[in-house]
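Text of the file data_17.cif, holding mmCIF, C-alpha atoms:
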data_coords
loop_
_atom_site.label_atom_id
_atom_site.label_comp_id
_atom_site.auth_asym_id
_atom_site.auth_seq_id
_atom_site.Cartn_x
_atom_site.Cartn_y
_atom_site.Cartn_z
CA PHE S 1 8.56 -23.51 21.92
CA SER S 2 9.63 -27.05 22.83
CA GLY S 3 12.40 -27.60 20.26
CA PRO S 4 16.12 -26.86 20.60
CA ARG S 5 16.93 -23.18 21.10
CA TYR S 6 19.91 -21.23 19.83
CA HIS S 7 20.71 -17.62 20.63
CA VAL S 8 22.45 -14.77 18.79
CA ILE S 9 23.99 -11.94 20.83
CA GLY S 10 22.70 -8.49 19.89
CA ASN S 11 24.14 -5.14 20.90
CA HIS S 12 21.33 -4.44 23.40
CA ASP S 13 21.56 -7.87 25.05
CA MET S 14 24.40 -6.45 27.18
CA ASP S 15 22.50 -3.31 28.19
CA GLY S 16 21.01 -2.85 31.66
CA ASP S 17 20.17 -0.20 34.22
CA ARG S 18 23.35 -0.35 36.27
CA GLU S 19 26.56 1.62 35.94
CA LYS S 20 28.65 0.77 32.90
CA GLY S 21 30.93 -2.23 33.15
CA PRO S 22 34.71 -2.35 32.99
CA ASP S 23 34.89 -1.58 29.26
CA LYS S 24 32.62 1.50 29.69
CA LYS S 25 30.41 0.28 26.83
CA TYR S 26 27.88 -2.12 28.29
CA ASP S 27 26.48 -2.96 31.71
CA PHE S 28 27.05 -6.68 31.26
CA THR S 29 29.92 -8.60 29.70
CA ARG S 30 29.49 -11.04 26.85
CA GLU S 31 30.34 -13.83 29.29
CA GLN S 32 27.49 -12.80 31.59
CA THR S 33 25.12 -12.55 28.64
CA MET S 34 26.14 -15.96 27.30
CA ALA S 35 25.59 -17.51 30.73
CA PHE S 36 22.12 -15.93 30.97
CA TRP S 37 21.08 -17.35 27.58
CA GLY S 38 22.88 -20.66 28.05
CA MET S 39 25.04 -20.10 24.96
CA PRO S 40 28.04 -22.40 24.37
CA ALA S 41 30.13 -19.58 22.85
CA PRO S 42 29.65 -16.09 21.40
CA TYR S 43 29.83 -17.60 17.91
CA TYR S 44 29.29 -21.24 17.02
CA ALA S 45 27.74 -23.62 14.47
CA PHE S 46 25.50 -26.67 14.47
CA ASP S 47 23.81 -29.06 12.05
CA GLN S 48 20.07 -29.65 12.07
CA GLY S 49 17.73 -31.32 9.58
CA GLY S 50 20.34 -31.63 6.85
CA ALA S 51 21.43 -27.99 7.02
CA HIS S 52 24.36 -26.18 8.63
CA PHE S 53 23.66 -23.14 10.80
CA VAL S 54 26.25 -20.54 11.74
CA ILE S 55 25.75 -18.08 14.61
CA LEU S 56 28.00 -15.01 14.45
CA ASP S 57 28.74 -12.38 17.08
CA GLY S 58 28.86 -8.88 15.60
CA ASN S 59 29.93 -7.32 18.90
CA ASP S 60 33.70 -7.61 18.63
CA PRO S 61 35.56 -4.38 19.46
CA SER S 62 36.60 -2.45 16.37
CA PRO S 63 39.42 0.09 16.08
CA ASP S 64 37.37 3.22 15.45
CA GLN S 65 33.64 2.44 15.36
CA GLU S 66 31.16 4.19 17.68
CA PRO S 67 28.84 4.05 19.56
CA TYR S 68 28.63 0.24 19.59
CA TYR S 69 31.07 -2.56 19.07
CA GLN S 70 29.89 -3.94 15.71
CA PHE S 71 32.79 -5.84 14.22
CA LEU S 72 33.81 -9.38 13.32
CA GLY S 73 37.35 -9.75 14.67
CA ASP S 74 40.18 -11.61 12.97
CA GLU S 75 39.80 -14.66 15.20
CA GLN S 76 36.09 -14.95 14.43
CA LEU S 77 36.61 -14.49 10.69
CA ALA S 78 39.33 -17.15 10.65
CA TRP S 79 36.96 -19.50 12.50
CA LEU S 80 34.18 -18.72 10.01
CA GLU S 81 36.43 -19.52 7.07
CA ARG S 82 37.43 -22.87 8.60
CA ASP S 83 33.83 -23.70 9.48
CA LEU S 84 32.58 -23.02 5.95
CA GLU S 85 35.36 -25.14 4.46
CA ALA S 86 34.55 -28.04 6.78
CA THR S 87 30.84 -28.40 5.93
CA THR S 88 29.24 -29.75 2.78
CA LEU S 89 25.70 -28.89 3.88
CA PRO S 90 23.59 -25.94 2.72
CA THR S 91 24.41 -23.16 5.16
CA PHE S 92 22.36 -20.44 6.84
CA LEU S 93 23.94 -17.65 8.87
CA PHE S 94 22.60 -15.50 11.69
CA CYS S 95 24.19 -12.27 12.91
CA HIS S 96 22.35 -9.53 14.77
CA GLN S 97 24.15 -6.77 12.88
CA GLY S 98 23.71 -7.31 9.15
CA LEU S 99 26.25 -7.85 6.39
CA GLU S 100 24.39 -5.87 3.71
CA ARG S 101 23.61 -2.38 4.99
CA SER S 102 25.51 0.62 6.34
CA GLY S 103 25.36 0.66 10.14
CA GLY S 104 25.61 -3.13 10.40
CA VAL S 105 28.82 -5.10 10.83
CA ALA S 106 31.60 -2.56 10.28
CA ASN S 107 33.72 -4.94 8.18
CA GLN S 108 30.79 -6.53 6.40
CA GLU S 109 32.48 -6.53 2.99
CA GLU S 110 35.27 -8.71 4.37
CA ALA S 111 32.73 -11.13 5.83
CA ARG S 112 30.70 -11.26 2.60
CA ARG S 113 33.84 -12.10 0.64
CA LEU S 114 34.30 -15.19 2.83
CA LEU S 115 30.74 -16.31 2.12
CA GLU S 116 31.07 -15.68 -1.60
CA GLU S 117 34.42 -17.48 -1.71
CA ALA S 118 32.87 -20.49 0.05
CA ASN S 119 30.23 -20.64 -2.67
CA ARG S 120 32.85 -20.32 -5.39
CA LYS S 121 34.91 -23.18 -3.93
CA ALA S 122 31.79 -25.33 -3.62
CA GLY S 123 31.00 -24.73 -7.27
CA GLY S 124 27.48 -23.62 -6.46
CA HIS S 125 25.37 -22.47 -3.55
CA LYS S 126 26.71 -23.56 -0.18
CA VAL S 127 25.79 -20.37 1.71
CA ILE S 128 22.08 -19.83 1.09
CA ALA S 129 21.00 -17.00 3.38
CA CYS S 130 22.07 -14.63 6.12
CA PHE S 131 19.50 -13.42 8.68
CA SER S 132 19.93 -10.26 10.72
CA GLY S 133 18.00 -7.66 12.70
CA HIS S 134 19.51 -4.52 14.27
CA HIS S 135 18.18 -1.98 11.74
CA HIS S 136 14.51 -2.62 12.65
CA ARG S 137 13.63 -2.98 8.96
CA ASP S 138 11.72 -5.39 6.75
CA TYR S 139 13.32 -6.57 3.50
CA LEU S 140 15.04 -9.38 1.62
CA ARG S 141 18.02 -8.54 -0.60
CA PRO S 142 19.94 -11.03 -2.74
CA ILE S 143 23.63 -10.17 -3.08
CA LEU S 144 25.74 -12.33 -5.40
CA GLY S 145 23.52 -15.35 -4.93
CA ILE S 146 23.11 -15.06 -1.14
CA LEU S 147 19.79 -14.01 0.40
CA HIS S 148 20.11 -11.33 3.09
CA ALA S 149 16.93 -11.33 5.17
CA LYS S 150 16.31 -8.40 7.51
CA ILE S 151 13.95 -9.36 10.35
CA ASN S 152 12.18 -6.41 11.96
CA SER S 153 12.22 -5.40 15.60
CA MET S 154 9.55 -6.94 17.78
CA SER S 155 8.38 -3.57 19.04
CA TYR S 156 9.58 -0.30 17.48
CA TYR S 157 11.64 1.80 15.08
CA PHE S 158 13.99 4.38 16.60
CA LEU S 159 13.43 7.86 15.12
CA GLY S 160 15.54 10.02 17.44
CA SER S 161 14.87 13.39 19.04
CA ARG S 162 14.10 15.08 15.72
CA PHE S 163 10.68 13.40 15.60
CA ALA S 164 10.02 13.09 19.33
CA HIS S 165 6.35 12.61 20.17
CA VAL S 166 4.69 11.58 23.46
CA ARG S 167 2.62 8.59 22.37
CA TYR S 168 0.95 7.46 25.57
CA ASN S 169 0.75 9.92 28.47
CA GLU S 170 2.98 12.07 30.64
CA ASN S 171 3.28 9.42 33.36
CA VAL S 172 4.55 6.84 30.87
CA ASP S 173 6.88 9.44 29.36
CA ARG S 174 8.41 10.26 32.74
CA LYS S 175 9.01 6.59 33.50
CA TYR S 176 10.15 5.63 29.98
CA PRO S 177 11.48 8.83 28.39
CA THR S 178 13.07 7.06 25.42
CA ILE S 179 9.72 5.89 24.01
CA LYS S 180 8.91 9.33 22.60
CA HIS S 181 11.94 9.02 20.32
CA THR S 182 10.54 5.85 18.75
CA ALA S 183 7.72 4.77 16.48
CA PRO S 184 6.29 1.83 18.48
CA TYR S 185 4.35 -1.03 16.93
CA ARG S 186 0.96 -1.72 18.46
CA ASP S 187 1.45 -5.51 18.42
CA PRO S 188 4.62 -7.58 18.93
CA LEU S 189 6.20 -8.82 15.71
CA TYR S 190 7.73 -12.24 15.16
CA ALA S 191 8.33 -14.67 12.31
CA VAL S 192 8.61 -18.39 11.68
CA VAL S 193 11.06 -19.46 8.98
CA THR S 194 10.63 -22.81 7.23
CA ILE S 195 13.42 -24.27 5.09
CA ASP S 196 12.47 -26.98 2.59
CA LEU S 197 15.75 -28.39 1.31
CA GLN S 198 14.12 -30.94 -1.00
CA ARG S 199 12.13 -28.32 -2.90
CA GLY S 200 14.62 -25.51 -2.40
CA ILE S 201 12.11 -23.15 -0.77
CA LEU S 202 12.63 -20.68 2.08
CA GLU S 203 9.41 -19.42 3.64
CA ILE S 204 9.03 -16.59 6.13
CA ALA S 205 5.67 -16.42 7.90
CA GLY S 206 5.61 -12.97 9.47
CA THR S 207 3.23 -10.81 11.46
CA CYS S 208 1.69 -7.42 10.77
CA SER S 209 0.82 -4.53 13.08
CA ARG S 210 0.51 -0.75 12.82
CA PHE S 211 2.28 2.21 14.36
CA GLU S 212 1.07 3.21 17.82
CA GLY S 213 0.18 6.85 17.28
CA PRO S 214 1.39 8.87 14.29
CA SER S 215 3.61 7.23 11.70
CA PRO S 216 7.04 8.69 10.90
CA TRP S 217 5.52 10.32 7.81
CA GLU S 218 2.75 11.96 9.83
CA LEU S 219 5.49 13.49 12.00
CA GLY S 220 7.14 15.00 8.95
CA ALA S 221 9.81 12.42 8.20
CA SER S 222 10.93 12.12 4.59
CA ARG S 223 10.03 8.83 2.92
CA GLU S 224 13.18 9.03 0.82
CA GLU S 225 15.47 9.83 3.77
CA LEU S 226 14.15 6.99 5.92
CA ASP S 227 13.77 4.43 3.11
CA ALA S 228 10.01 4.07 3.46
CA PRO S 229 9.66 0.72 1.61
CA SER S 230 11.56 -1.05 4.41
CA LEU S 231 10.30 0.99 7.40
CA LEU S 232 7.11 -0.90 8.14
CA PRO S 233 5.33 -2.18 11.28
CA LYS S 234 5.45 -5.74 9.95
CA ILE S 235 7.54 -8.75 9.02
CA SER S 236 6.50 -9.65 5.50
CA ASP S 237 5.47 -13.12 4.40
CA ARG S 238 7.92 -14.42 1.80
CA ARG S 239 8.37 -17.56 -0.26
CA VAL S 240 11.75 -17.62 -1.98
CA PRO S 241 13.29 -20.39 -4.10
CA PHE S 242 16.97 -21.19 -3.67
CA ALA S 243 19.49 -23.56 -5.23
CA CYS S 244 21.66 -25.88 -3.20
#
Structure re-expressed in structure tokens:
Amino acid sequence: FSGPRYHVIGNHDMDGDREKGPDKKYDFTREQTMAFWGMPAPYYAFDQGGAHFVILDGNDPSPDQEPYYQFLGDEQLAWLERDLEATTLPTFLFCHQGLERSGGVANQEEARRLLEEANRKAGGHKVIACFSGHHHRDYLRPILGILHAKINSMSYYFLGSRFAHVRYNENVDRKYPTIKHTAPYRDPLYAVVTIDLQRGILEIAGTCSRFEGPSPWELGASREELDAPSLLPKISDRRVPFAC
């Protein structure tokens, strides 16, 4: 990809294979991670092609959330409010941990209120969409006029020890023991998003694969418990109109 590149920090971007760092949570600090990716800040914004893009960092420490930091701190929320007030452009947000599902940003309701208030003050649709990953799911959910797009993992869904299954061979399992707790995708997933501001169209061109080995359902998982409609080895193609 030869165009400009912008990065969002995810919870696993600070993982590694060394001993835990000073905060006992991650192997690498946010500062080390930002330097590796060449990021200007953990959260920031930029304008491109007539739109405003906001990058959030859902890894702020929270008072009582485990096992990951998955919070938007007061300083970041205050910055977000100022940033939204300062722009008149249609706005698209990116945060690894989502703002629309349990297990995402811990104070997601507070963050959504800021987005919804920005739209109210603008008298229309300033904030168009929020993109996230983290849950390794595939769906698009509108909430009070804002599209929340969940972009799937590139490689797997984590099932846990309850549905452990050796999918390759014993040698691979010994070297990578966590794989048996996942439902891997055979092919890497990715998506290209196109925003047409003149026509008011958001398009997601996704990719499709299949589970490597038995699916969660073949291992006895409940479709209801695991929300089967969104647990797919794919990123769906979508074409969604929006107002701005």
Evaluate the PyMOL selection byres ((chain S and resi 234) around 10) and report residues as a PyMOL selection string: chain S and resi 136-138+151-155+185+187-191+206-211+230-233+235-237
File of the preceding selection, C-alpha atoms, as a PDB file, in the frame of the given file:
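Output saved as out.pdb:
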ATOM      1  CA  HIS S 136      14.510  -2.620  12.650  1.00  0.00           C
ATOM      2  CA  ARG S 137      13.630  -2.980   8.960  1.00  0.00           C
ATOM      3  CA  ASP S 138      11.720  -5.390   6.750  1.00  0.00           C
ATOM      4  CA  ILE S 151      13.950  -9.360  10.350  1.00  0.00           C
ATOM      5  CA  ASN S 152      12.180  -6.410  11.960  1.00  0.00           C
ATOM      6  CA  SER S 153      12.220  -5.400  15.600  1.00  0.00           C
ATOM      7  CA  MET S 154       9.550  -6.940  17.780  1.00  0.00           C
ATOM      8  CA  SER S 155       8.380  -3.570  19.040  1.00  0.00           C
ATOM      9  CA  TYR S 185       4.350  -1.030  16.930  1.00  0.00           C
ATOM     10  CA  ASP S 187       1.450  -5.510  18.420  1.00  0.00           C
ATOM     11  CA  PRO S 188       4.620  -7.580  18.930  1.00  0.00           C
ATOM     12  CA  LEU S 189       6.200  -8.820  15.710  1.00  0.00           C
ATOM     13  CA  TYR S 190       7.730 -12.240  15.160  1.00  0.00           C
ATOM     14  CA  ALA S 191       8.330 -14.670  12.310  1.00  0.00           C
ATOM     15  CA  GLY S 206       5.610 -12.970   9.470  1.00  0.00           C
ATOM     16  CA  THR S 207       3.230 -10.810  11.460  1.00  0.00           C
ATOM     17  CA  CYS S 208       1.690  -7.420  10.770  1.00  0.00           C
ATOM     18  CA  SER S 209       0.820  -4.530  13.080  1.00  0.00           C
ATOM     19  CA  ARG S 210       0.510  -0.750  12.820  1.00  0.00           C
ATOM     20  CA  PHE S 211       2.280   2.210  14.360  1.00  0.00           C
ATOM     21  CA  SER S 230      11.560  -1.050   4.410  1.00  0.00           C
ATOM     22  CA  LEU S 231      10.300   0.990   7.400  1.00  0.00           C
ATOM     23  CA  LEU S 232       7.110  -0.900   8.140  1.00  0.00           C
ATOM     24  CA  PRO S 233       5.330  -2.180  11.280  1.00  0.00           C
ATOM     25  CA  ILE S 235       7.540  -8.750   9.020  1.00  0.00           C
ATOM     26  CA  SER S 236       6.500  -9.650   5.500  1.00  0.00           C
ATOM     27  CA  ASP S 237       5.470 -13.120   4.400  1.00  0.00           C
TER      28      ASP S 237
END
Nearest candidate to Tyr26 (chain S) (options S:Glu218, S:Tyr157, S:Ile9, S:Tyr69; using only C-alpha atoms):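 Residue with the minimum atom-to-atom distance to Tyr26 (chain S): S:Tyr69.
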Shortest interatomic distance to Arg113 (chain S) - which of S:Ile195, S:Met39, S:Cys244, S:Leu77, counting all atoms listed in the file: S:Leu77
Residues returned when the PyMOL selection byres ((chain S and resi 165-176) around 12) runs on this file, as a list in words: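 What the PyMOL selection byres ((chain S and resi 165-176) around 12) grabs from the file is Phe158, Leu159, Gly160, Ser161, Arg162, Phe163, Ala164, Pro177, Thr178, Ile179, Lys180, His181, Thr182, Ala183, Pro184, Tyr185, Arg186, Phe211, Glu212, Gly213, Pro214, Ser215, Pro216, Glu218, Leu219 and Gly220 of chain S.
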With C-alpha atoms kept, could you save the residues just selected as a short mmCIF file (atom, residue, chain, number, x, y, z; two decimals), in the coordinates of the input?
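This went into selection-v8.cif:
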data_model
loop_
_atom_site.label_atom_id
_atom_site.label_comp_id
_atom_site.auth_asym_id
_atom_site.auth_seq_id
_atom_site.Cartn_x
_atom_site.Cartn_y
_atom_site.Cartn_z
CA PHE S 158 13.99 4.38 16.60
CA LEU S 159 13.43 7.86 15.12
CA GLY S 160 15.54 10.02 17.44
CA SER S 161 14.87 13.39 19.04
CA ARG S 162 14.10 15.08 15.72
CA PHE S 163 10.68 13.40 15.60
CA ALA S 164 10.02 13.09 19.33
CA PRO S 177 11.48 8.83 28.39
CA THR S 178 13.07 7.06 25.42
CA ILE S 179 9.72 5.89 24.01
CA LYS S 180 8.91 9.33 22.60
CA HIS S 181 11.94 9.02 20.32
CA THR S 182 10.54 5.85 18.75
CA ALA S 183 7.72 4.77 16.48
CA PRO S 184 6.29 1.83 18.48
CA TYR S 185 4.35 -1.03 16.93
CA ARG S 186 0.96 -1.72 18.46
CA PHE S 211 2.28 2.21 14.36
CA GLU S 212 1.07 3.21 17.82
CA GLY S 213 0.18 6.85 17.28
CA PRO S 214 1.39 8.87 14.29
CA SER S 215 3.61 7.23 11.70
CA PRO S 216 7.04 8.69 10.90
CA GLU S 218 2.75 11.96 9.83
CA LEU S 219 5.49 13.49 12.00
CA GLY S 220 7.14 15.00 8.95
#
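One finds CA of Gly50 (chain S) at 17.1 Å from CA of Gly124 (chain S).
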Computed interatomic separation between CA of His135 (chain S) and CA of Val8 (chain S) (Å): 15.2 Å
Straight-line distance linking CA of Ala78 (chain S) with CA of Asp60 (chain S), stated in Å to one decimal: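 CA of Asp60 (chain S) lies at a distance of 13.7 Å from CA of Ala78 (chain S).
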Picked residues, the PyMOL selection byres ((chain S and resi 202) around 8), expected as a ChimeraX atom specification: /S:193-196,200-201,203-204,238-242
Nearest-residue call for Phe131 (chain S), choices S:Ala205, S:Leu93, S:Ala221, S:Ala35, using only C-alpha atoms: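 Answer, going by the shortest atom-to-atom distance: S:Leu93.
You can rank S:Gly49, S:Ala243, S:Glu224, S:Tyr43 by their closest distance to Gly123 (chain S) using all atoms listed in the file, and at the top of that list sits S:Ala243.
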Near Ala118 (chain S), within 12 Å and counting only C-alpha atoms, which residues show up once chain neighbours fewer than 2 positions away are dropped, as a PDB file with C-alpha atoms, in the coordinates of the input?
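Here's the written file out.pdb:
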ATOM      1  CA  LEU S  80      34.180 -18.720  10.010  1.00  0.00           C
ATOM      2  CA  GLU S  81      36.430 -19.520   7.070  1.00  0.00           C
ATOM      3  CA  ARG S  82      37.430 -22.870   8.600  1.00  0.00           C
ATOM      4  CA  ASP S  83      33.830 -23.700   9.480  1.00  0.00           C
ATOM      5  CA  LEU S  84      32.580 -23.020   5.950  1.00  0.00           C
ATOM      6  CA  GLU S  85      35.360 -25.140   4.460  1.00  0.00           C
ATOM      7  CA  ALA S  86      34.550 -28.040   6.780  1.00  0.00           C
ATOM      8  CA  THR S  87      30.840 -28.400   5.930  1.00  0.00           C
ATOM      9  CA  THR S  88      29.240 -29.750   2.780  1.00  0.00           C
ATOM     10  CA  LEU S  89      25.700 -28.890   3.880  1.00  0.00           C
ATOM     11  CA  PRO S  90      23.590 -25.940   2.720  1.00  0.00           C
ATOM     12  CA  THR S  91      24.410 -23.160   5.160  1.00  0.00           C
ATOM     13  CA  ALA S 111      32.730 -11.130   5.830  1.00  0.00           C
ATOM     14  CA  ARG S 112      30.700 -11.260   2.600  1.00  0.00           C
ATOM     15  CA  ARG S 113      33.840 -12.100   0.640  1.00  0.00           C
ATOM     16  CA  LEU S 114      34.300 -15.190   2.830  1.00  0.00           C
ATOM     17  CA  LEU S 115      30.740 -16.310   2.120  1.00  0.00           C
ATOM     18  CA  GLU S 116      31.070 -15.680  -1.600  1.00  0.00           C
ATOM     19  CA  ARG S 120      32.850 -20.320  -5.390  1.00  0.00           C
ATOM     20  CA  LYS S 121      34.910 -23.180  -3.930  1.00  0.00           C
ATOM     21  CA  ALA S 122      31.790 -25.330  -3.620  1.00  0.00           C
ATOM     22  CA  GLY S 123      31.000 -24.730  -7.270  1.00  0.00           C
ATOM     23  CA  GLY S 124      27.480 -23.620  -6.460  1.00  0.00           C
ATOM     24  CA  HIS S 125      25.370 -22.470  -3.550  1.00  0.00           C
ATOM     25  CA  LYS S 126      26.710 -23.560  -0.180  1.00  0.00           C
ATOM     26  CA  VAL S 127      25.790 -20.370   1.710  1.00  0.00           C
ATOM     27  CA  ILE S 128      22.080 -19.830   1.090  1.00  0.00           C
ATOM     28  CA  GLY S 145      23.520 -15.350  -4.930  1.00  0.00           C
ATOM     29  CA  ILE S 146      23.110 -15.060  -1.140  1.00  0.00           C
TER      30      ILE S 146
END
Selection near Asn107 (chain S), 10 Å with only C-alpha atoms, sequence-local residues under 2 positions removed, as a ChimeraX atom specification: /S:58,62,70-73,99,104-105,109-112
